[in-house]
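What follows is one structure encoded as structure tokens, with my remarks underneath.
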Amino acid sequence: GFKLSPVLWRKVKPALSAGRVQSVTVRLIVEREREINNFVSESGYKVTALFELPAKGGETRRLQTELSKRFKTLEQAQAFLQSCQGAEFTISDVSTKPLKKSPAAPFTTSTLQQEAARKLHFTVSQTMMIAQRLYESGMITYMRTDSVNLSDLALNTAKAEILEMVGEKYYKRRKYNTKSKGAQEAHEAIRPTYLNVREIEGTAQERKLYDLIWKRTIASQMADAEFEKTTAVININNSDEKFVAVGEVLKFDGFLNVYMESTDDEISQETDGMLPKLTEGDILDLAMMQAQERFTQRPARYTEASLVRKLEELGIGRPSTYAPTISTILAREYVEKREIQNEARPYRVLTLKAGKIKEEDKVEKATIEKGKLSPTDIGIVVNDYLLANFPNIMDYNFTARVELDFDKIAEGKLEWTKNIDGFYTQFHPNVEEAMHSTGKKAGERELGIDPVSGRPVFVKIGRFGPVAQIGTASDEEKPRFASLRTGQSMESITIDEALDLFKLPIDFGEYEGESLSVGIGKFGPYIRHGKSYVSVPKDEDPLTVTRDRAIELIAEKRQADKNREIKKFEAEDILVLNGRFGAYITHAGENYKLPKGIVAADLTLEQCQEIIANEANKSKGTTKKKATRTKKK
């Protein structure tokens, strides 16, 4: 990282960094994004059927089933439903078998990060910060570990707790061993220091995380959950296809009494309930059959939790590096968490009911992906440059192999000087070559020729991010630049979209004696009126904003500002405003909270001045304390 980062400063842009772990992490996210972009969804037809069984005791019993085959085309689905119009359906097989589910092992750093993300919606760094506070308060054991081992003291305390809570039937002693290669087991698994302490005092976040750790630790020493799974097969007299019904019944909850591990799978994990009493040879009445068009799902973008799991699978990094690695790639703007809108998609449904087939066109609901990691243009350019020039460093096996070498060095089986020397004799010349190579900047892409000026149009990484450029530095006329808009990518932008960026700003002349225009900046499109700015709504294209719409947006902003104002003491430059988190006072560029119990609308000038003075004195006191601490050091 120390040697590679300066190469990026010269070849891409300043203030970038590379690293043995962070760069391959970005590679994972870039490659997943490209998989998604290149994915071609295919449709098929899933067939379900609802059957009615012979009534027993006057009550109609129903059986929900699914065809064991999916049809690729609409015609195949239509033909199957037509063949079922006069068919006879018979139960050909009913089988029941017991199932057992075992609890997950106690928490390691990575599994705690993943589970806190899934269950509590904490970021990886947030989880580590809260765990650090719990550890420092003596509530939990050390939070940086890849061991699943529990001490004998912990095992005995867990047993006592389980026996007291739910009894002997629920207890099962389990000794877990770490299977991952190169695991550093200096610490045991993450667990409560005192397992008999079920609840703690602290912030809401601390209590939630402690509760998660306590439940996971206790559940790891509990008996298996026991299920009974019943599978019924239904034959069709005029077809080789079969319908299947599956029911799962919980017979003994075991560890599920306390805790159930979550998954990254976005599909609902709900299981079917109990099936009605079924007998082989029973003839069923068809209530309804439906063939619904379904689409193959593209690969999912990484969440922080699934990214940590992938890094652990590949042997990249250590428990202590996952959180800072993710924080670094977000801070460097290689990756961002953005809200991704998935458009609604039409689909076809065929329904067979009362001997007739009905066809309908329906539309899926549009979905929004939140908290998913997506690469930025800078992240993609840096990744591609490093892959092209330093393929060995970017290899997933290289990073995992280095971790194993470090373990051997720690064990005294490998001499570190020889190991580092063997690496640098190849790496250093590679860095020198990349640093002094000539040619265009990394990531620069020519889109075509501007029809007006006849000059080339490029996209590249500029000082403040991705930009479009008309012309080159060697031209007589200076090059023109325009920032790419939110949602636009250097990889996919067309020449027409790039040229549209240069149509802004659009001048609307004067309004109320001041200039009026629409433009685009670092934070998106805006209306400029004299020295004031008004944001253009996200769903509006700045190129289609008219003068009348610009004036309308200014009026809306003024009204919103007016509604924010509760009181105004003009002579003293004091305002009482409505904010996102409630009312507050603003004076001389500073904001002041209102004490509890104060009604903003009833404030007098004297009360406002008193609140400002009190807050100013508090700030001075804090500064003095900090200065005293510094002196002591």
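Going by the structure tokens order, chains are called A, B, ..., each with residues numbered from 1, while ligands are numbered from 1 in the order shown.
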
Just want the 7 Å neighbourhood of Gln297 in chain A, counted on only C-alpha atoms, with same-chain residues fewer than 2 positions away dropped. Output as an mmCIF file with N, CA, C and O atoms, in the first residue's frame.
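File part38.cif, as written:
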data_model
loop_
_atom_site.group_PDB
_atom_site.id
_atom_site.type_symbol
_atom_site.label_atom_id
_atom_site.label_comp_id
_atom_site.auth_asym_id
_atom_site.auth_seq_id
_atom_site.Cartn_x
_atom_site.Cartn_y
_atom_site.Cartn_z
ATOM 1 N N SER A 41 -31.767 -11.703 -17.695
ATOM 2 C CA SER A 41 -32.808 -12.444 -16.976
ATOM 3 C C SER A 41 -33.616 -13.309 -17.942
ATOM 4 O O SER A 41 -33.952 -12.877 -19.043
ATOM 5 N N PHE A 295 -38.954 -14.828 -13.057
ATOM 6 C CA PHE A 295 -37.712 -14.447 -13.728
ATOM 7 C C PHE A 295 -36.510 -14.900 -12.905
ATOM 8 O O PHE A 295 -36.551 -14.877 -11.670
ATOM 9 N N PRO A 299 -27.389 -11.756 -9.670
ATOM 10 C CA PRO A 299 -26.619 -11.846 -8.417
ATOM 11 C C PRO A 299 -26.922 -10.638 -7.524
ATOM 12 O O PRO A 299 -27.147 -9.534 -8.034
#

Counting only C-alpha atoms, give me one row per residue of range 235-307 of chain A with an atom at most 12 Å from an atom of range 201-212 of chain A, showing the shortest contact pair and its distance in Å to one decimal, sorted by chain then residue number, as a Markdown table.
| residue | atom | partner | partner_atom | distance |
| --- | --- | --- | --- | --- |
| A:Val258 | CA | A:Leu212 | CA | 10.2 |
| A:Tyr259 | CA | A:Leu212 | CA | 8.5 |
| A:Met260 | CA | A:Leu212 | CA | 10.4 |
| A:Glu261 | CA | A:Leu212 | CA | 10.2 |
| A:Ser262 | CA | A:Leu212 | CA | 11.7 |

Please identify which residues in range 272-422 of chain A DSSP calls alpha helix (DSSP H) from the backbone, and express them as a ChimeraX atom specification.
/A:304-314,322-331,377-389,396-410,416-422

Closest pair table for range 421-492 of chain A residues within 12 Å of range 538-543 of chain A, only C-alpha atoms, as JSON lines:
{"residue": "A:Arg485", "atom": "CA", "partner": "A:Asp541", "partner_atom": "CA", "distance": 10.4}
{"residue": "A:Thr486", "atom": "CA", "partner": "A:Lys538", "partner_atom": "CA", "distance": 9.5}
{"residue": "A:Gly487", "atom": "CA", "partner": "A:Lys538", "partner_atom": "CA", "distance": 10.9}

Could you save those same residues with N, CA, C and O atoms as a PDB file, in the first residue's frame?
ATOM      1  N   ARG A 485     -23.539  13.370 -13.979  1.00  0.00           N
ATOM      2  CA  ARG A 485     -24.663  13.469 -13.053  1.00  0.00           C
ATOM      3  C   ARG A 485     -24.783  12.205 -12.212  1.00  0.00           C
ATOM      4  O   ARG A 485     -24.275  11.145 -12.587  1.00  0.00           O
ATOM      5  N   THR A 486     -25.466  12.317 -11.082  1.00  0.00           N
ATOM      6  CA  THR A 486     -25.714  11.156 -10.216  1.00  0.00           C
ATOM      7  C   THR A 486     -26.419  10.066 -11.015  1.00  0.00           C
ATOM      8  O   THR A 486     -27.384  10.341 -11.728  1.00  0.00           O
ATOM      9  N   GLY A 487     -25.903   8.848 -10.916  1.00  0.00           N
ATOM     10  CA  GLY A 487     -26.498   7.728 -11.643  1.00  0.00           C
ATOM     11  C   GLY A 487     -25.826   7.457 -12.977  1.00  0.00           C
ATOM     12  O   GLY A 487     -26.031   6.405 -13.571  1.00  0.00           O
TER      13      GLY A 487
END

To one decimal place in Å, what is the distance between CA of Pro192 in chain A and CA of Thr141 in chain A?
6.3 Å

What is the CA of Asp561 in chain A-CA of Leu577 in chain A distance in Å, reported with one decimal?
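Going from CA of Asp561 in chain A over to CA of Leu577 in chain A, I get 9.1 Å.
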
Need to verify the contact set: range 157-162 of chain A, 12 Å, only C-alpha atoms, exclusion of same-chain residues closer than 2 positions in sequence. Can you return it as a PyMOL selection string?
chain A and resi 106+150-155+164-174+191-198+214-223+254-255+257-258

Neighbours of range 519-529 of chain A within 10 Å (only C-alpha atoms; same-chain residues fewer than 2 positions away dropped), as a ChimeraX atom specification?
/A:464-465,482-486,501-508,510-517,531-538,540-543,545,547,549-551,553-554

CA of Tyr45 in chain A and CA of Phe71 in chain A, how far apart in Å?
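Taking CA of Phe71 in chain A and CA of Tyr45 in chain A, their separation equals 5.0 Å.
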
So that I can check the surroundings of Pro456 in chain A, please list as a PyMOL selection string every protein, DNA and RNA residue that reaches within 12 Å of it, counting only C-alpha atoms and ignoring chain neighbours fewer than 2 positions away.
chain A and resi 445-454+458-459+468-475+479-480+495+498-499

Since we have the selection now, will you write its residues out, keeping N, CA, C and O atoms, as a tab-separated table (two decimals), in the first residue's frame?
chain	number	residue	atom	x	y	z
A	445	ARG	N	-11.67	7.54	-21.40
A	445	ARG	CA	-12.37	6.84	-22.49
A	445	ARG	C	-12.88	7.84	-23.50
A	445	ARG	O	-13.58	8.80	-23.13
A	446	GLU	N	-12.53	7.64	-24.78
A	446	GLU	CA	-13.01	8.54	-25.83
A	446	GLU	C	-14.37	8.04	-26.32
A	446	GLU	O	-14.53	6.87	-26.67
A	447	LEU	N	-15.35	8.97	-26.36
A	447	LEU	CA	-16.71	8.61	-26.74
A	447	LEU	C	-16.99	8.88	-28.22
A	447	LEU	O	-17.86	8.26	-28.81
A	448	GLY	N	-16.28	9.87	-28.80
A	448	GLY	CA	-16.54	10.24	-30.19
A	448	GLY	C	-16.16	11.69	-30.43
A	448	GLY	O	-15.36	12.27	-29.70
A	449	ILE	N	-16.75	12.29	-31.46
A	449	ILE	CA	-16.43	13.67	-31.85
A	449	ILE	C	-17.63	14.56	-31.64
A	449	ILE	O	-18.77	14.21	-31.97
A	450	ASP	N	-17.38	15.75	-31.06
A	450	ASP	CA	-18.42	16.76	-30.89
A	450	ASP	C	-18.79	17.33	-32.26
A	450	ASP	O	-17.94	17.91	-32.94
A	451	PRO	N	-20.05	17.18	-32.71
A	451	PRO	CA	-20.42	17.64	-34.06
A	451	PRO	C	-20.31	19.16	-34.25
A	451	PRO	O	-20.17	19.64	-35.37
A	452	VAL	N	-20.35	19.93	-33.16
A	452	VAL	CA	-20.29	21.40	-33.27
A	452	VAL	C	-18.85	21.87	-33.45
A	452	VAL	O	-18.53	22.60	-34.38
A	453	SER	N	-17.95	21.42	-32.55
A	453	SER	CA	-16.56	21.90	-32.59
A	453	SER	C	-15.62	20.99	-33.37
A	453	SER	O	-14.52	21.39	-33.73
A	454	GLY	N	-16.07	19.75	-33.59
A	454	GLY	CA	-15.20	18.79	-34.28
A	454	GLY	C	-14.09	18.25	-33.40
A	454	GLY	O	-13.18	17.57	-33.86
A	458	PHE	N	-14.31	13.09	-24.30
A	458	PHE	CA	-13.77	12.06	-23.39
A	458	PHE	C	-14.59	12.02	-22.11
A	458	PHE	O	-15.28	12.99	-21.76
A	459	VAL	N	-14.48	10.91	-21.39
A	459	VAL	CA	-14.84	10.89	-19.97
A	459	VAL	C	-13.59	10.43	-19.22
A	459	VAL	O	-12.85	9.57	-19.72
A	468	ALA	N	-16.87	14.81	-18.01
A	468	ALA	CA	-16.82	14.73	-19.48
A	468	ALA	C	-15.96	15.89	-19.95
A	468	ALA	O	-15.95	16.96	-19.31
A	469	GLN	N	-15.22	15.70	-21.03
A	469	GLN	CA	-14.30	16.73	-21.52
A	469	GLN	C	-14.43	16.84	-23.04
A	469	GLN	O	-14.46	15.83	-23.75
A	470	ILE	N	-14.52	18.07	-23.53
A	470	ILE	CA	-14.51	18.32	-24.97
A	470	ILE	C	-13.18	18.99	-25.31
A	470	ILE	O	-12.86	20.05	-24.76
A	471	GLY	N	-12.40	18.37	-26.19
A	471	GLY	CA	-11.09	18.92	-26.57
A	471	GLY	C	-9.96	18.40	-25.71
A	471	GLY	O	-10.19	17.71	-24.71
A	472	THR	N	-8.74	18.73	-26.11
A	472	THR	CA	-7.54	18.30	-25.38
A	472	THR	C	-6.70	19.50	-24.98
A	472	THR	O	-6.91	20.61	-25.49
A	473	ALA	N	-5.74	19.27	-24.10
A	473	ALA	CA	-4.89	20.36	-23.61
A	473	ALA	C	-4.05	20.97	-24.73
A	473	ALA	O	-3.64	22.13	-24.65
A	474	SER	N	-3.77	20.21	-25.80
A	474	SER	CA	-2.92	20.71	-26.89
A	474	SER	C	-3.69	21.58	-27.88
A	474	SER	O	-3.10	22.23	-28.74
A	475	ASP	N	-5.02	21.64	-27.78
A	475	ASP	CA	-5.82	22.48	-28.68
A	475	ASP	C	-5.60	23.97	-28.37
A	475	ASP	O	-5.25	24.33	-27.24
A	479	PRO	N	-9.89	23.12	-23.25
A	479	PRO	CA	-10.91	22.07	-23.13
A	479	PRO	C	-12.07	22.53	-22.25
A	479	PRO	O	-11.88	23.34	-21.33
A	480	ARG	N	-13.25	22.00	-22.51
A	480	ARG	CA	-14.42	22.28	-21.68
A	480	ARG	C	-14.73	21.05	-20.83
A	480	ARG	O	-14.57	19.91	-21.29
A	495	ILE	N	-22.17	9.25	-26.01
A	495	ILE	CA	-21.70	10.58	-26.43
A	495	ILE	C	-22.83	11.60	-26.34
A	495	ILE	O	-22.62	12.75	-25.96
A	498	ALA	N	-23.24	12.62	-22.79
A	498	ALA	CA	-22.10	13.47	-22.40
A	498	ALA	C	-22.28	14.89	-22.95
A	498	ALA	O	-22.05	15.88	-22.24
A	499	LEU	N	-22.71	15.02	-24.20
A	499	LEU	CA	-22.89	16.34	-24.81
A	499	LEU	C	-24.02	17.12	-24.14
A	499	LEU	O	-23.97	18.35	-24.05

DSSP strand (DSSP E or B) selection over range 255-484 of chain A, as a ChimeraX atom specification:
/A:283-295,335-342,346-353,356-363,367-375,445-449,456-462,465-470,480-483

Applying 12 Å and only C-alpha atoms, which residues near Glu313 in chain A remain after dropping the ones on its own chain fewer than 2 positions away? List them as number ranges by chain.
A: 110-111, 179-181, 306-311, 315-318, 396-397, 400

Based on the selection just made, write C-alpha atoms of those residues as an mmCIF file, in the first residue's frame.
data_model
loop_
_atom_site.group_PDB
_atom_site.id
_atom_site.type_symbol
_atom_site.label_atom_id
_atom_site.label_comp_id
_atom_site.auth_asym_id
_atom_site.auth_seq_id
_atom_site.Cartn_x
_atom_site.Cartn_y
_atom_site.Cartn_z
ATOM 1 C CA SER A 110 -17.000 -11.873 11.527
ATOM 2 C CA THR A 111 -20.156 -13.791 12.508
ATOM 3 C CA LYS A 179 -12.009 -25.043 11.231
ATOM 4 C CA SER A 180 -10.714 -22.019 9.271
ATOM 5 C CA LYS A 181 -7.064 -22.183 8.225
ATOM 6 C CA SER A 306 -22.220 -10.681 3.035
ATOM 7 C CA LEU A 307 -18.944 -8.933 2.087
ATOM 8 C CA VAL A 308 -17.384 -9.887 5.437
ATOM 9 C CA ARG A 309 -18.507 -13.486 4.908
ATOM 10 C CA LYS A 310 -16.942 -13.537 1.420
ATOM 11 C CA LEU A 311 -13.635 -12.097 2.697
ATOM 12 C CA GLY A 315 -9.025 -16.056 3.678
ATOM 13 C CA ILE A 316 -8.558 -12.313 3.098
ATOM 14 C CA GLY A 317 -7.861 -10.177 6.152
ATOM 15 C CA ARG A 318 -8.188 -10.834 9.875
ATOM 16 C CA TYR A 396 -7.335 -13.325 -4.265
ATOM 17 C CA ASN A 397 -4.956 -16.223 -3.585
ATOM 18 C CA ALA A 400 -4.787 -15.346 1.427
#

Neighbours of Arg34 in chain A within 12 Å (only C-alpha atoms; same-chain residues fewer than 4 positions away dropped), as a list in words?
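Near Arg34 in chain A, the qualifying residues are Arg27, Leu28, Ile29, Val30, Asn38, Phe39, Val40, Arg298, Pro299, Ala300, Arg301, Ser374, Pro375, Ile380, Glu491 and Ser492 of chain A.
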
Store the residues picked out above in a file with N, CA and C atoms, as a CSV table (one decimal), in the first residue's frame.
chain,number,residue,atom,x,y,z
A,27,ARG,N,-12.2,-5.0,-5.6
A,27,ARG,CA,-12.3,-5.9,-6.8
A,27,ARG,C,-13.5,-6.8,-6.7
A,28,LEU,N,-13.8,-7.3,-5.5
A,28,LEU,CA,-15.0,-8.2,-5.3
A,28,LEU,C,-16.3,-7.4,-5.7
A,29,ILE,N,-16.3,-6.2,-5.2
A,29,ILE,CA,-17.6,-5.3,-5.4
A,29,ILE,C,-17.7,-4.9,-6.9
A,30,VAL,N,-16.6,-4.6,-7.5
A,30,VAL,CA,-16.6,-4.2,-9.0
A,30,VAL,C,-17.0,-5.4,-9.8
A,38,ASN,N,-24.1,-7.4,-16.7
A,38,ASN,CA,-24.1,-8.3,-17.8
A,38,ASN,C,-25.2,-9.4,-17.7
A,39,PHE,N,-25.9,-9.4,-16.6
A,39,PHE,CA,-26.8,-10.5,-16.4
A,39,PHE,C,-28.1,-10.4,-17.3
A,40,VAL,N,-28.4,-11.4,-18.0
A,40,VAL,CA,-29.6,-11.4,-18.8
A,40,VAL,C,-30.7,-12.3,-18.1
A,298,ARG,N,-30.9,-11.9,-10.7
A,298,ARG,CA,-29.5,-11.5,-10.9
A,298,ARG,C,-28.7,-11.7,-9.6
A,299,PRO,N,-27.4,-11.8,-9.7
A,299,PRO,CA,-26.6,-11.8,-8.4
A,299,PRO,C,-26.9,-10.6,-7.5
A,300,ALA,N,-26.9,-10.9,-6.2
A,300,ALA,CA,-27.2,-9.8,-5.3
A,300,ALA,C,-26.0,-8.9,-5.0
A,301,ARG,N,-26.2,-7.6,-4.9
A,301,ARG,CA,-25.0,-6.8,-4.5
A,301,ARG,C,-24.7,-7.1,-3.1
A,374,SER,N,-22.0,-0.5,-3.8
A,374,SER,CA,-21.9,-0.4,-5.3
A,374,SER,C,-20.6,0.4,-5.6
A,375,PRO,N,-19.8,0.0,-6.6
A,375,PRO,CA,-18.6,0.7,-6.9
A,375,PRO,C,-18.9,2.1,-7.6
A,380,ILE,N,-13.9,1.8,-9.8
A,380,ILE,CA,-13.8,1.0,-11.0
A,380,ILE,C,-12.5,1.3,-11.7
A,491,GLU,N,-18.5,4.0,-17.5
A,491,GLU,CA,-18.5,2.8,-18.4
A,491,GLU,C,-19.6,2.8,-19.4
A,492,SER,N,-20.7,3.4,-19.0
A,492,SER,CA,-21.9,3.2,-19.8
A,492,SER,C,-22.4,4.5,-20.5

Which one is closest to Leu286 in chain A: A:Ile574, A:Ala77, A:Ile393, A:Ala49? Count only C-alpha atoms.
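With only C-alpha atoms as the atom set, the closest residue is A:Ala49.
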
Given the choices A:Thr123, A:Ser102, A:Ala287, A:Asp253, which gets closest to Gly355 in chain A if the distance is worked out from only C-alpha atoms?
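Among A:Thr123, A:Ser102, A:Ala287, A:Asp253, it is A:Ala287 that comes nearest to Gly355 in chain A.
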